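Take a look at the structure below.
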Amino acid sequence: MLLLLWDPLPPAEAVSGNQDLITDILLRLPVKSLLRFKCVSKQWLSLISDPRFSRNYRSLASASILLCGTTELIDHVSCGRRNSEPPFTSLGFISDSAGTKILQSCNGLMLCCSFFKMGKSCNYYICNPSTRQFLMLPPPNAKGCDESTTILGVYLAFDPSKSPHYQVVCVRNCSSSSAAEANDHYQIEIYSSETLSWRLSGSPFSAPFDMVFDNGVLWNGTIHWISPTGASLCFDIVQEQLGEMPSLPSNEKWSKRRLRYFGESGGHLYLIEIYGSGTTQFQVFEMKKDYSSWIPKYQVDLTAIVKAFPEMVRSYPDAHDSRFCLFSILFVQENEEDSLLLLHIPGKFISYNLRHKTFKELCDFGANSTKANTSLPIGCFQAYQFIETLACV
Amino acid sequence: MSTSTDNNASITQESGPSAAVQDIQKKIVVRTADGEVFNLKEEVAMEIDIIKTFFQEDSISYETVMPLPNVEGWEMVKVIEYCTKHVELKHKVDGYKERKAFQALFVQNLSTKSLLALTNTANYLEVKYLLDFLCQAVSEQIKNKDVDYVRELFGVENDFNDEEYEQVKAEAPWAHENLNNDLH
């Protein structure tokens with residue numbers, strides 16, 4: 001005979017006495033609610049502040065994609081089935097008189113820098129928009145380089161599944177006066193949130209003259225760069241080693257290229273290159289894990305989208321290619337549920353499902369525009385993957 | 001004095017060649033804290049782990065009435081409702097929309113306090129998917145509420161003194177502002 005003898009508490013108290021149950025409920029709340037509920041009681045404060053809670057929170061949170069204009073959040077696409085409010089609307093909580101823009105988003109933390117303002121140095125910040133914490137990075141050391149050195153690229157590496165600490169990688173040019181060769185020398189520096197300081201990584205290295213270090217992509221703990229002309233390089237942050245990348249899949253002349261998308265999502269590195277102004281069919285390439293080559297992963301055909309949104313097509317009778325198809329690729333999103341291609345077409349954002357070849361309109365922002373959607377300001381919008389996190393800056 | 005309440009538990013007579021073998025669907029009987037007795041279809045009862053363990057582990061005959069002294073009658077009704085629907089949707093290919101509609105209706109007339117009580121019950125009865133759903137529902141209802149509301153709901157005492165409270169609040173004062181407090 002089963003004996004059930006424990007004294008039943010009134011229901012609410014039974015829940016609050018049961019730490020697991022409260023935790024289960026708390027883990028589903030947005031960060032703002034969690035920060036507020038730290039004030040409920042000492043037990044709740046201790047529960048929410050516990051690093052284990054933070055770890056579990058991260059593993060349950062669903063990612064969303066933020067579509068940002070230069071200073072504000074335009075739209076927010078939730079990737080889970082639950083629709084939630086956008087986690088934040090501006091970076092105003094970072095107090096910089098010039099304003100700040102997002103450079104990179106990495107597992108819920110963001111790397112930002114101040115806009116250019118005369119007479120003011122450019123500051124770099126690491127921030128957590130969910131908790132509104134931010135930290136201004138100290139400027140990289142000038143050791144070993146001349147005073148006149150330019151920062152070419154800054155990257156945030158943060159993988160909470162491996163460590164609560166993050167690193168920032170900076171590539172600066174370092175043209176020493178003794179270098180007679182045409183190649184500039186570059187130097188990599190790494191900042192660690194554990195040591196709160198920069199240190200040099202390796203000695204100055206040279207790279208092909210057409211190598212550029214902005215727009216690098218972080219994948220697998222390694223930063224990858226592909227220059228407009230096709231020169232490429234990668235840097236393994238853990239091993240602190242530079243490496244090569246396989247050649248690009250297309251043989252076409254780089255000057256004929258209309259657009260390129262290079263990004264990471266869901267543990268995959270993706271590349272799209274489109275040639276020809278009227279092209280609406282192309283492939284999405286993925287980098288093999290062993291770095292041996294780029295392999296085609298998805299076939300994309302935008303014909304149906306063009307049909308639904310004819311404003312994408314422009315004809316310029318005096319141009320060599322008479323038909324232009326206006327779109328830009330914002331993001332390739334890969335997760336268990338879906339593989340999506342986010343597009344920017346005149347006045348709208350479109351989501352194209354790479355597996356099912358269906359599409360839907362995400363946001364129509366052109367309705368109020370004074371430009372009447374005649375031009376497509378490419379580069380005006382950026383997409384960032386985002387996840388709410390309690391991680392410390 | 002026990003009253004028998006049938007909830008989605010009708011005896012079905014199966015006709016056909018195999019009918020001779022098993023005519024009557026097996027039923028499991030439980031009694032809740034307030035003395036109500038429920039007849040559950042076997043397949044629904046087996047969704048509730050604590051019941052499943054009780055009968056299967058020691059091969060207890062289905063004639064035994066299982067006592068559930070920590071469960072109220074109304075809670076059992078709701079649990080049976082949810083599990084029955086879950087079993088029904090198991091056999092459907094795309095029951096997503098139907099499940100969503102059902103879930104919305106399920107919580108419609110329940111106060112947050114009742115939801116909490118049900119959460120505790122689902123935890124005790126060990127029905128994982130119901131527990132997940134209820135925790136989610138509770139979190140949706142409390143996410144925009146203020147600290148006082150949450151304390152009252154969970155019956156938690158404020159053990160901060162004024163200074164301590166202000167200190168914690170000062171870490172993120174913005175988190176206490178702009179709450180879309182729905183009138184609940």
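By order in the structure tokens, chains are A, B, ...; within a chain, residues start at 1; ligands start at 1, following the order shown.
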Using only C-alpha atoms, find the residues of chain B whose closest atom to chain A is at most 7 Å away, then write them as a PyMOL selection string.
chain B and resi 70+113+116-117+120+135-136+138-139+143-144+147+151+153-155+157-160+165+168-169+172+175-176
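For the atom pair formed by atom CA of A:Leu269 and atom CA of A:Gly202, the distance is 25.7 Å, given to one decimal.
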Among listed residues A:Ile190, A:Ala63, A:Leu47, A:Leu196, nearest A:Glu337 (using only C-alpha atoms):
A:Ala63
Ranking B:Glu152, B:Val65, B:Phe38, B:Asp146 by minimum distance to B:Leu179 and counting only C-alpha atoms, which one comes first?
B:Asp146
Straight-line distance linking atom CA of A:Ser130 with atom CA of A:Glu388, stated in Å to one decimal
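Atom-to-atom, atom CA of A:Ser130 to atom CA of A:Glu388, that is 5.8 Å.
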Between B:Leu110, B:Val29, B:Val87, B:Ala45, single out the one closest to B:Thr64, counting only C-alpha atoms.
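Closest to B:Thr64, using only C-alpha atoms: B:Val29.
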Secondary structure check, helix (DSSP H, G or I) residues of stretch 44-143 of chain B, as a PyMOL selection string
chain B and resi 44-45+49-57+73-90+96-108+112-125+128-142
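Of the residues under consideration (A:Glu264, A:Lys101, A:Phe331, A:Val393), A:Val393 shows the shortest atom-to-atom contact distance to A:Gln167 when counting only C-alpha atoms.
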Can you work out which one of B:Glu42, B:Glu164, B:Glu140, B:Glu57 has the shortest atom-to-atom distance to B:Thr112, counting only C-alpha atoms?
B:Glu140
Set the distance at 12 Å and use only C-alpha atoms: which residues neighbour A:Gly92 once local chain neighbours fewer than 4 positions away are removed? I'd like the list as a list in words.
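Listed by chain and then number, they are Thr71, Glu72, Leu73, Phe88, Asp96, Ser97, Ala98, Gly99, Thr100, Lys101, Ile102, Cys112, Ser114, Cys127, Pro129, Arg132, Gln133 and Phe134 of chain A.
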Now that the selection is made, can you save its residues with N, CA and C atoms as a CSV table (one decimal), in the first residue's frame?
```csv
chain,number,residue,atom,x,y,z
A,71,THR,N,21.2,53.7,-36.2
A,71,THR,CA,21.2,53.9,-34.7
A,71,THR,C,20.1,53.2,-34.0
A,72,GLU,N,19.2,52.6,-34.7
A,72,GLU,CA,18.0,52.1,-34.0
A,72,GLU,C,17.7,50.7,-34.5
A,73,LEU,N,16.9,50.0,-33.7
A,73,LEU,CA,16.4,48.7,-34.1
A,73,LEU,C,15.2,48.9,-35.0
A,88,PHE,N,15.6,45.0,-26.8
A,88,PHE,CA,16.0,46.4,-26.5
A,88,PHE,C,15.8,47.2,-27.7
A,96,ASP,N,28.0,57.6,-24.5
A,96,ASP,CA,29.1,58.2,-25.3
A,96,ASP,C,28.5,59.3,-26.1
A,97,SER,N,29.1,60.4,-26.0
A,97,SER,CA,28.5,61.6,-26.6
A,97,SER,C,28.4,61.6,-28.1
A,98,ALA,N,29.2,60.7,-28.7
A,98,ALA,CA,29.0,60.6,-30.2
A,98,ALA,C,28.0,59.6,-30.6
A,99,GLY,N,27.5,58.8,-29.6
A,99,GLY,CA,26.5,57.7,-30.0
A,99,GLY,C,27.3,56.5,-30.4
A,100,THR,N,26.7,55.3,-30.3
A,100,THR,CA,27.4,54.1,-30.6
A,100,THR,C,26.7,53.3,-31.6
A,101,LYS,N,27.5,52.5,-32.3
A,101,LYS,CA,26.9,51.6,-33.3
A,101,LYS,C,27.4,50.2,-33.0
A,102,ILE,N,26.6,49.2,-33.4
A,102,ILE,CA,26.9,47.8,-33.2
A,102,ILE,C,27.9,47.4,-34.2
A,112,CYS,N,30.6,47.3,-29.6
A,112,CYS,CA,30.1,48.5,-30.2
A,112,CYS,C,31.2,49.5,-30.3
A,114,SER,N,32.0,53.9,-30.9
A,114,SER,CA,31.4,55.2,-31.1
A,114,SER,C,31.5,55.7,-32.5
A,127,CYS,N,29.1,45.4,-24.5
A,127,CYS,CA,27.9,45.6,-23.7
A,127,CYS,C,27.0,44.4,-23.7
A,129,PRO,N,23.1,44.1,-23.9
A,129,PRO,CA,21.9,45.0,-24.0
A,129,PRO,C,20.8,44.5,-23.1
A,132,ARG,N,21.9,45.9,-19.7
A,132,ARG,CA,22.3,47.3,-19.9
A,132,ARG,C,23.7,47.5,-19.3
A,133,GLN,N,24.4,46.5,-19.1
A,133,GLN,CA,25.8,46.7,-18.6
A,133,GLN,C,26.7,47.0,-19.8
A,134,PHE,N,27.7,47.9,-19.5
A,134,PHE,CA,28.6,48.1,-20.6
A,134,PHE,C,30.0,48.4,-20.0
```
May I have the residues within 9 Å of B:Ile50 as a count of residues only, using only C-alpha atoms and disregarding those fewer than 5 positions away in the same chain?
5
Determine the nearest neighbour of B:Arg99 from the options B:Lys145, B:Phe133, B:Pro69, B:Lys52, counting only C-alpha atoms.
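Closest to B:Arg99 of all the choices is B:Phe133.
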